[in-house]
$ cat work-v2.tsv   # TSV, C-alpha atoms
chain	number	residue	atom	x	y	z
O	141	MET	CA	-9.82	21.45	-0.26
O	142	LEU	CA	-7.43	19.63	2.06
O	143	ARG	CA	-7.06	15.97	1.04
O	144	HIS	CA	-5.64	12.94	2.84
O	145	PHE	CA	-4.98	9.32	1.80
O	146	LEU	CA	-5.70	7.03	4.74
O	147	VAL	CA	-7.52	4.22	2.93
O	148	ASP	CA	-7.72	3.22	-0.75
O	149	THR	CA	-11.26	4.51	-1.15
O	150	ASP	CA	-10.23	8.04	-0.11
O	151	LEU	CA	-9.61	8.43	-3.86
O	152	SER	CA	-12.69	8.16	-6.08
O	153	PRO	CA	-12.27	6.03	-9.21
O	154	GLU	CA	-11.70	9.20	-11.27
O	155	GLU	CA	-9.20	10.56	-8.78
O	156	GLN	CA	-7.29	7.28	-8.61
O	157	GLU	CA	-7.03	7.41	-12.41
O	158	GLN	CA	-5.66	10.97	-12.20
O	159	VAL	CA	-3.01	9.83	-9.70
O	160	LEU	CA	-2.00	6.91	-11.93
O	161	ASP	CA	-1.83	9.17	-15.01
O	162	LEU	CA	0.38	11.52	-13.04
O	163	ALA	CA	2.54	8.59	-11.87
O	164	ALA	CA	3.13	7.54	-15.48
O	165	ALA	CA	4.00	11.13	-16.41
O	166	LEU	CA	6.42	11.49	-13.49
O	167	LYS	CA	8.02	8.17	-14.35
O	168	ALA	CA	8.54	9.33	-17.94
O	169	ASP	CA	9.88	12.74	-16.84
O	170	ARG	CA	11.23	12.36	-13.33
O	171	PHE	CA	11.75	16.02	-12.36
O	172	SER	CA	8.81	17.52	-14.24
O	173	ARG	CA	6.97	18.61	-11.08
O	174	ARG	CA	8.36	20.50	-8.06
O	175	PRO	CA	5.41	20.79	-5.67
O	176	LEU	CA	7.81	20.68	-2.70
O	177	ALA	CA	10.26	23.24	-4.08
O	178	GLY	CA	11.74	25.47	-1.41
O	179	PRO	CA	12.58	22.87	-0.23
O	180	GLN	CA	9.54	22.14	1.88
O	181	THR	CA	9.89	19.29	4.36
O	182	VAL	CA	7.77	16.13	4.43
O	183	GLY	CA	7.73	14.17	7.68
O	184	VAL	CA	8.08	10.43	7.03
O	185	ILE	CA	7.37	8.82	10.38
O	186	PHE	CA	7.87	5.13	11.13
O	187	ASP	CA	6.42	3.40	14.17
O	188	LYS	CA	7.58	0.12	12.58
O	189	THR	CA	10.66	-0.58	10.51
O	190	SER	CA	10.56	-0.30	6.76
O	191	THR	CA	12.80	-0.75	3.76
O	192	ARG	CA	10.87	-0.05	0.57
O	193	THR	CA	8.52	2.51	2.04
O	194	ARG	CA	11.34	4.46	3.62
O	195	VAL	CA	13.57	4.49	0.55
O	196	SER	CA	10.75	5.18	-1.87
O	197	PHE	CA	9.34	8.12	0.08
O	198	ALA	CA	12.79	9.63	0.73
O	199	THR	CA	13.62	9.38	-2.97
O	200	GLY	CA	10.23	10.62	-4.09
O	201	VAL	CA	10.18	13.66	-1.81
O	202	ALA	CA	13.68	14.65	-2.98
O	203	ASP	CA	12.62	14.21	-6.64
O	204	LEU	CA	9.72	16.62	-6.02
O	205	GLY	CA	12.08	19.31	-4.77
O	206	GLY	CA	11.47	18.64	-1.09
O	207	ASN	CA	13.34	17.48	1.96
O	208	PRO	CA	12.36	14.16	3.55
O	209	LEU	CA	12.60	14.10	7.33
O	210	ILE	CA	12.72	10.42	8.29
O	211	ILE	CA	11.73	9.69	11.88
O	212	ASN	CA	12.52	6.12	12.92
O	213	PRO	CA	10.71	3.97	15.51
O	214	GLY	CA	11.42	5.22	19.02
O	215	GLU	CA	12.74	8.60	17.86
O	216	SER	CA	9.59	10.62	18.38
O	217	GLN	CA	7.20	11.24	21.26
O	218	LEU	CA	4.23	10.83	18.96
O	219	GLY	CA	1.34	9.19	20.78
O	220	HIS	CA	3.42	8.59	23.92
O	221	LYS	CA	4.49	11.84	25.54
O	222	GLU	CA	2.35	14.05	23.31
O	223	SER	CA	-1.13	13.39	21.98
O	224	ILE	CA	-1.54	12.72	18.27
O	225	ALA	CA	-3.81	15.77	18.03
O	226	ASP	CA	-1.18	18.11	19.48
O	227	SER	CA	1.61	16.60	17.37
O	228	SER	CA	-0.55	17.05	14.30
O	229	ARG	CA	-1.18	20.74	15.05
O	230	VAL	CA	2.58	21.29	15.38
O	231	PHE	CA	3.45	19.27	12.26
O	232	SER	CA	0.99	21.31	10.22
O	233	ARG	CA	2.90	24.47	11.05
O	234	MET	CA	6.23	22.99	10.00
O	235	LEU	CA	5.70	20.30	7.38
O	236	ALA	CA	4.24	20.21	3.87
O	237	ALA	CA	2.80	16.72	4.41
O	238	VAL	CA	2.87	13.86	6.93
O	239	VAL	CA	3.59	10.28	5.83
O	240	TRP	CA	3.04	7.84	8.68
O	241	ARG	CA	3.54	4.09	9.11
O	242	THR	CA	1.78	3.11	12.29
O	243	PHE	CA	-0.47	0.54	13.95
O	244	GLU	CA	-3.95	1.89	14.58
O	245	GLN	CA	-6.01	3.29	11.73
O	246	SER	CA	-7.72	5.51	14.33
O	247	GLY	CA	-4.35	7.20	14.99
O	248	LEU	CA	-4.12	8.17	11.32
O	249	GLU	CA	-7.68	9.45	11.42
O	250	GLU	CA	-6.85	11.59	14.47
O	251	MET	CA	-3.70	12.91	12.77
O	252	ALA	CA	-5.75	13.88	9.71
O	253	GLU	CA	-8.52	15.45	11.75
O	254	TYR	CA	-6.16	17.99	13.33
O	255	SER	CA	-3.89	18.48	10.31
O	256	SER	CA	-3.93	21.31	7.80
O	257	VAL	CA	-1.52	19.45	5.50
O	258	PRO	CA	-2.08	16.12	3.68
O	259	VAL	CA	-1.66	12.93	5.76
O	260	ILE	CA	-0.68	9.71	3.97
O	261	ASN	CA	-1.06	6.20	5.37
O	262	ALA	CA	2.25	4.41	4.73
O	263	LEU	CA	0.83	1.18	6.24
O	264	SER	CA	-1.45	0.61	9.20
O	265	ASP	CA	-2.89	-2.52	10.78
O	266	ASP	CA	-5.88	-2.14	8.47
O	267	TYR	CA	-4.60	-0.84	5.11
O	268	HIS	CA	-1.55	-0.28	2.90
O	269	PRO	CA	-2.99	1.88	0.12
O	270	CYS	CA	0.34	3.17	-1.29
O	271	GLN	CA	1.37	-0.35	-2.30
O	272	ILE	CA	-1.77	-0.83	-4.36
O	273	LEU	CA	-1.15	2.36	-6.36
O	274	ALA	CA	2.29	0.99	-7.27
O	275	ASP	CA	0.77	-2.34	-8.30
O	276	LEU	CA	-1.90	-0.66	-10.42
O	277	LEU	CA	0.79	1.37	-12.17
O	278	THR	CA	2.73	-1.86	-12.81
O	279	LEU	CA	-0.34	-3.60	-14.26
O	280	ARG	CA	-1.16	-0.58	-16.44
O	281	GLU	CA	2.33	-0.69	-17.90
O	282	ARG	CA	1.87	-4.35	-18.85
O	283	PHE	CA	-1.78	-4.48	-19.86
O	284	GLY	CA	-2.67	-0.90	-20.77
O	285	ASP	CA	-6.10	-0.49	-19.19
O	286	VAL	CA	-6.58	-2.47	-15.98
O	287	LYS	CA	-10.38	-2.16	-15.92
O	288	GLY	CA	-11.94	-5.61	-16.25
O	289	LEU	CA	-8.73	-7.49	-15.45
O	290	THR	CA	-8.76	-10.17	-12.74
O	291	LEU	CA	-6.30	-10.04	-9.85
O	292	SER	CA	-5.99	-13.07	-7.57
O	293	TYR	CA	-4.64	-12.48	-4.09
O	294	VAL	CA	-3.75	-15.82	-2.48
O	295	GLY	CA	-2.50	-16.83	0.97
O	296	ASP	CA	-3.07	-15.03	4.26
O	297	ALA	CA	-5.98	-12.73	3.52
O	298	ALA	CA	-6.95	-11.60	7.03
O	299	ASN	CA	-4.75	-8.53	6.94
O	300	ASN	CA	-4.12	-4.95	5.82
O	301	MET	CA	-2.76	-6.05	2.44
O	302	ALA	CA	-5.81	-8.05	1.38
O	303	ASN	CA	-8.03	-5.20	2.55
O	304	SER	CA	-6.19	-2.67	0.43
O	305	TYR	CA	-5.93	-4.93	-2.63
O	306	MET	CA	-9.70	-5.41	-2.53
O	307	LEU	CA	-10.54	-1.74	-2.09
O	308	GLY	CA	-7.87	-0.31	-4.39
O	309	CYS	CA	-8.29	-2.76	-7.25
O	310	VAL	CA	-12.09	-2.58	-7.40
O	311	THR	CA	-11.72	1.21	-7.43
O	312	ALA	CA	-9.79	0.67	-10.69
O	313	GLY	CA	-12.67	-1.50	-11.99
O	314	MET	CA	-10.84	-4.81	-11.55
O	315	HIS	CA	-12.23	-8.18	-10.54
O	316	VAL	CA	-10.56	-9.25	-7.30
O	317	ARG	CA	-10.44	-12.83	-6.13
O	318	ILE	CA	-9.21	-13.57	-2.64
O	319	ALA	CA	-8.22	-17.12	-1.69
O	320	GLY	CA	-6.97	-18.27	1.68
O	321	PRO	CA	-7.66	-20.72	4.50
O	322	ALA	CA	-11.10	-20.24	6.08
O	323	SER	CA	-9.37	-18.99	9.25
O	324	HIS	CA	-7.52	-16.24	7.31
O	325	LEU	CA	-10.06	-14.48	5.10
O	326	PRO	CA	-10.95	-10.75	5.13
O	327	SER	CA	-13.56	-9.40	7.51
O	328	GLN	CA	-17.06	-8.96	6.15
O	329	ASP	CA	-17.13	-5.20	6.62
O	330	VAL	CA	-14.17	-4.70	4.29
O	331	ILE	CA	-15.64	-7.14	1.75
O	332	ASP	CA	-18.89	-5.15	1.88
O	333	ALA	CA	-17.05	-1.84	1.41
O	334	ALA	CA	-15.17	-3.28	-1.56
O	335	ARG	CA	-18.40	-4.58	-3.13
O	336	GLU	CA	-20.01	-1.18	-2.66
O	337	ARG	CA	-17.14	0.46	-4.54
O	338	ALA	CA	-17.15	-2.34	-7.14
O	339	ALA	CA	-20.81	-1.62	-7.90
O	340	GLU	CA	-19.74	1.88	-9.03
O	341	THR	CA	-16.88	0.72	-11.24
O	342	GLY	CA	-17.99	-2.62	-12.74
O	343	GLY	CA	-15.46	-4.51	-10.64
O	344	SER	CA	-16.22	-7.46	-8.38
O	345	VAL	CA	-15.00	-9.33	-5.31
O	346	VAL	CA	-14.93	-13.12	-4.85
O	347	VAL	CA	-13.70	-14.65	-1.60
O	348	THR	CA	-12.92	-18.36	-1.58
O	349	THR	CA	-10.81	-21.05	0.05
O	350	ASP	CA	-10.22	-22.68	-3.34
O	351	MET	CA	-6.83	-21.82	-4.85
O	352	ALA	CA	-7.70	-23.31	-8.26
O	353	GLU	CA	-10.91	-21.27	-8.45
O	354	ALA	CA	-9.00	-18.11	-7.56
O	355	VAL	CA	-6.22	-18.39	-10.12
O	356	ALA	CA	-8.17	-19.85	-13.07
O	357	GLY	CA	-7.78	-17.41	-15.95
O	358	ALA	CA	-6.44	-14.60	-13.71
O	359	HIS	CA	-4.34	-11.83	-15.25
O	360	ALA	CA	-2.31	-11.23	-12.10
O	361	VAL	CA	-1.48	-13.60	-9.25
O	362	LEU	CA	-0.30	-11.96	-6.07
O	363	ARG	CA	1.20	-13.23	-2.83
O	364	ILE	CA	2.53	-11.34	0.14
O	365	ARG	CA	5.25	-12.57	2.44
O	366	GLY	CA	4.39	-15.26	4.94
O	367	CYS	CA	4.53	-15.42	8.69
O	368	PRO	CA	5.76	-12.08	10.11
O	369	TRP	CA	2.57	-10.20	9.36
O	370	ASP	CA	0.43	-12.07	11.88
O	371	ARG	CA	0.80	-10.60	15.35
O	372	ARG	CA	-0.82	-13.55	17.12
O	373	ILE	CA	1.69	-15.92	15.56
O	374	ARG	CA	4.58	-13.54	16.11
O	375	ARG	CA	3.75	-13.57	19.79
O	376	MET	CA	3.79	-17.37	19.80
O	377	ILE	CA	7.11	-17.51	18.00
O	378	ASP	CA	8.73	-14.82	20.12
O	379	PRO	CA	7.01	-14.24	23.48
O	380	ARG	CA	9.12	-11.08	24.02
O	381	SER	CA	7.49	-9.55	20.97
O	382	SER	CA	4.50	-7.26	21.30
O	383	GLY	CA	3.18	-9.22	18.36
O	384	ARG	CA	3.31	-6.08	16.31
O	385	ILE	CA	4.81	-6.03	12.86
O	386	PRO	CA	8.47	-5.00	13.26
U	198	MET	CA	9.53	-24.37	23.21
U	199	GLY	CA	6.81	-25.83	21.12
U	200	GLN	CA	6.51	-22.63	19.17
U	201	GLU	CA	8.32	-24.13	16.20
U	202	ASP	CA	5.44	-26.59	15.85
U	203	GLN	CA	2.96	-23.76	15.73
U	204	LYS	CA	5.04	-22.02	13.09
U	205	ASP	CA	5.04	-25.23	11.06
U	206	ASP	CA	1.29	-25.58	11.43
U	207	ARG	CA	0.86	-22.12	10.06
U	208	SER	CA	3.10	-22.76	7.07
U	209	GLU	CA	1.09	-25.91	6.47
U	210	ILE	CA	-2.26	-24.12	6.21
U	211	PHE	CA	-0.86	-21.77	3.58
U	212	ARG	CA	0.86	-24.47	1.54
U	213	PRO	CA	-2.07	-24.90	-0.91
U	214	TYR	CA	-1.76	-21.19	-1.69
U	215	SER	CA	1.91	-21.22	-2.62
U	216	VAL	CA	2.47	-19.75	-6.05
U	217	THR	CA	4.16	-22.41	-8.16
U	218	SER	CA	4.59	-22.83	-11.90
U	219	GLU	CA	1.64	-25.20	-11.78
U	220	ALA	CA	-0.54	-22.50	-10.21
U	221	MET	CA	0.61	-19.91	-12.75
U	222	ALA	CA	-0.21	-22.35	-15.56
U	223	GLN	CA	-3.88	-22.20	-14.51
U	224	ALA	CA	-3.92	-18.41	-14.82
U	225	ALA	CA	-4.34	-16.50	-18.08
U	226	GLU	CA	-1.70	-17.12	-20.74
U	227	ASN	CA	-0.14	-13.68	-20.29
U	228	ALA	CA	-0.62	-13.65	-16.50
U	229	VAL	CA	1.87	-11.80	-14.32
U	230	PHE	CA	3.10	-12.45	-10.80
U	231	LEU	CA	3.23	-9.68	-8.18
U	232	HIS	CA	4.71	-9.73	-4.68
U	233	CYS	CA	5.20	-6.64	-2.52
U	234	LEU	CA	8.39	-8.12	-0.95
U	235	PRO	CA	10.24	-9.22	1.07
U	236	ALA	CA	9.84	-12.70	-0.40
U	237	TYR	CA	10.84	-16.09	0.95
U	238	ARG	CA	11.61	-18.24	-2.05
U	239	GLY	CA	10.43	-21.81	-1.60
U	240	ASN	CA	7.84	-20.75	0.94
U	241	GLU	CA	5.01	-18.59	-0.43
U	242	VAL	CA	6.41	-18.58	-3.97
U	243	THR	CA	8.89	-20.73	-5.86
U	244	ALA	CA	12.11	-19.21	-7.17
U	245	GLU	CA	11.02	-20.37	-10.62
U	246	VAL	CA	8.01	-18.04	-10.50
U	247	ILE	CA	9.42	-14.97	-8.73
U	248	ASP	CA	12.63	-15.06	-10.80
U	249	GLY	CA	10.80	-16.13	-13.96
U	250	PRO	CA	9.40	-14.26	-16.98
U	251	ALA	CA	5.92	-13.69	-15.49
U	252	SER	CA	7.31	-11.86	-12.47
U	253	LEU	CA	7.00	-8.06	-12.37
U	254	VAL	CA	8.19	-7.70	-8.77
U	255	TRP	CA	11.14	-5.38	-9.51
U	256	ASP	CA	8.99	-3.00	-11.57
U	257	GLU	CA	6.41	-3.22	-8.80
U	258	ALA	CA	9.00	-2.16	-6.19
U	259	ALA	CA	10.37	0.65	-8.37
U	260	ASN	CA	6.86	1.92	-9.00
U	261	ARG	CA	6.46	2.67	-5.29
U	262	VAL	CA	8.52	5.80	-5.95
U	263	HIS	CA	6.54	6.95	-8.98
U	264	ALA	CA	3.13	6.17	-7.46
U	265	GLN	CA	3.96	7.95	-4.19
U	266	LYS	CA	5.38	10.99	-5.98
U	267	ALA	CA	2.14	11.18	-7.94
U	268	LEU	CA	0.07	10.76	-4.79
U	269	LEU	CA	1.97	13.49	-2.93
U	270	THR	CA	1.73	15.83	-5.92
U	271	TRP	CA	-1.98	15.15	-6.39
U	272	LEU	CA	-2.75	15.70	-2.70
U	273	LEU	CA	-0.71	18.92	-2.57
U	274	ASP	CA	-2.32	20.20	-5.78
U	275	SER	CA	-5.82	19.33	-4.59
U	276	SER	CA	-5.13	20.94	-1.22
U	277	GLY	CA	-3.77	24.13	-2.82
U	278	LEU	CA	-0.36	23.56	-1.26
U	279	SER	CA	1.98	22.88	-4.21
U	280	SER	CA	5.02	25.18	-4.44
U	281	ASP	CA	5.05	25.01	-8.23
U	282	ARG	CA	1.44	26.12	-8.68
U	283	PRO	CA	0.71	29.87	-8.23
U	284	ASP	CA	-2.45	29.34	-6.19
U	285	ALA	CA	-0.44	27.18	-3.80
U	286	LEU	CA	2.23	29.84	-3.27
U	287	ARG	CA	-0.31	32.28	-1.82
U	288	ARG	CA	-1.44	29.67	0.66
U	289	ALA	CA	2.10	28.68	1.60
U	290	GLY	CA	2.96	32.35	2.22
U	291	GLY	CA	0.11	32.60	4.66
U	292	GLN	CA	1.23	29.66	6.76
U	293	GLN	CA	2.79	30.21	10.14
$ encode --input "work-v2.tsv" --output "structure tokens"
Amino acid sequence: MLRHFLVDTDLSPEEQEQVLDLAAALKADRFSRRPLAGPQTVGVIFDKTSTRTRVSFATGVADLGGNPLIINPGESQLGHKESIADSSRVFSRMLAAVVWRTFEQSGLEEMAEYSSVPVINALSDDYHPCQILADLLTLRERFGDVKGLTLSYVGDAANNMANSYMLGCVTAGMHVRIAGPASHLPSQDVIDAARERAAETGGSVVVTTDMAEAVAGAHAVLRIRGCPWDRRIRRMIDPRSSGRIP
Amino acid sequence: MGQEDQKDDRSEIFRPYSVTSEAMAQAAENAVFLHCLPAYRGNEVTAEVIDGPASLVWDEAANRVHAQKALLTWLLDSSGLSSDRPDALRRAGGQQ
């Protein structure tokens, strides 16, 4: 069955565990799988700039026997001169998978709807699920099992990163604490979705404005970078900016 | 003009959430620090923390590669599209 990864909860708890087991195996034996042998080409499309995501996908696709085709911002007609649906139909006939960093989550959903190859969200306005898989792998390496551990995400929590940390970490059975100013906390619908998943796994979600409450006894403390993520503020700082993340 | 003030205001509201050695001391004894980068030392995290023994940020960055390779492989396997799995080869041969 065709599978995509647009949001953290697209993987069930069991499936996320399979992916992390596979990640550990591929880290131990880097060229042990060649699912892209041919080489098949993976489209890695950026509507915003990227450093880590770009390098990590290019390296990873090559390691798997494939050819990464990096498309930088402004280099494609995707969503401008051609509809996402039509682009997706064409990509499916050429590419083995589509990795896309974009703005609207609905664009990713449209890409997936018309695709016959896997579509991966490499960061949208709403989620960044690939980052959380890397973090879970990192925590596994340090602590062994991550189930039951507490992760505290502190700072600006009204964004894609907080959303994905909540959803991805409770999928792994972790307790997630989110602390930020009252004006910058996650939206209730994402908190509800995370709590629904947590009920399956034994994880939990706490949202607070109290830094001390969030970090007390936590096994992992996590911050993301400051200012540039907030499009409202970006617009204030640079009126020429669309406010979008560069 | 005036935008610098707004930027400062914003930094100010996040100041209580800066990750300092004092904050890390309240966490578990073996607690780790994660940051998906890029980082601004002295702003959201002190250099002492991000460059200190609790920080796993370089492993975290490197693990992007391993996690994404695993994700791609898992998705291709589950979709019957992996080149190195016989069932996937049939499907790939049928693609136009």
$ closest_atom_pairs --input "work-v2.tsv" --of "chain U" --to "chain O" --cutoff "6 Å" --atoms "all atoms listed in the file" --output "Markdown table"
| residue | atom | partner | partner_atom | distance |
| --- | --- | --- | --- | --- |
| U:Gln200 | CA | O:Ile377 | CA | 5.3 |
| U:Phe211 | CA | O:Gly295 | CA | 5.8 |
| U:Tyr214 | CA | O:Gly295 | CA | 5.2 |
| U:Gln223 | CA | O:Ala356 | CA | 5.1 |
| U:Ala224 | CA | O:Gly357 | CA | 4.1 |
| U:Ala225 | CA | O:Gly357 | CA | 4.1 |
| U:Ala228 | CA | O:His359 | CA | 4.3 |
| U:Val229 | CA | O:Ala360 | CA | 4.8 |
| U:Phe230 | CA | O:Val361 | CA | 5.0 |
| U:Leu231 | CA | O:Leu362 | CA | 4.7 |
| U:His232 | CA | O:Arg363 | CA | 5.3 |
| U:Ala236 | CA | O:Arg365 | CA | 5.4 |
| U:Glu257 | CA | O:Thr278 | CA | 5.6 |
| U:Asn260 | CA | O:Ala274 | CA | 5.0 |
| U:Arg261 | CA | O:Ala274 | CA | 4.9 |
| U:Val262 | CA | O:Ser196 | CA | 4.7 |
| U:His263 | CA | O:Ala163 | CA | 5.2 |
| U:Ala264 | CA | O:Ala163 | CA | 5.1 |
| U:Lys266 | CA | O:Gly200 | CA | 5.2 |
| U:Ala267 | CA | O:Ala163 | CA | 4.7 |
| U:Leu268 | CA | O:Val159 | CA | 5.9 |
| U:Leu272 | CA | O:Arg143 | CA | 5.7 |
| U:Ser276 | CA | O:Leu142 | CA | 4.2 |
| U:Ser279 | CA | O:Pro175 | CA | 4.3 |
| U:Ser280 | CA | O:Pro175 | CA | 4.6 |
| U:Asp281 | CA | O:Pro175 | CA | 4.9 |
| U:Gln293 | CA | O:Arg233 | CA | 5.8 |
$ closest_residue --input "work-v2.tsv" --among "O:Thr189, O:Ala302, O:Val345, O:Val316" --to "Cys233 (chain U)" --atoms "all atoms listed in the file"
O:Ala302
$ atom_distance --input "work-v2.tsv" --atom1 "CA of Pro326 (chain O)" --atom2 "CA of Ser190 (chain O)"
24.0 Å
$ atom_distance --input "work-v2.tsv" --atom1 "CA of Arg280 (chain O)" --atom2 "CA of Gly239 (chain U)"
28.4 Å
$ atom_distance --input "work-v2.tsv" --atom1 "CA of Asn212 (chain O)" --atom2 "CA of Asp256 (chain U)"
26.4 Å
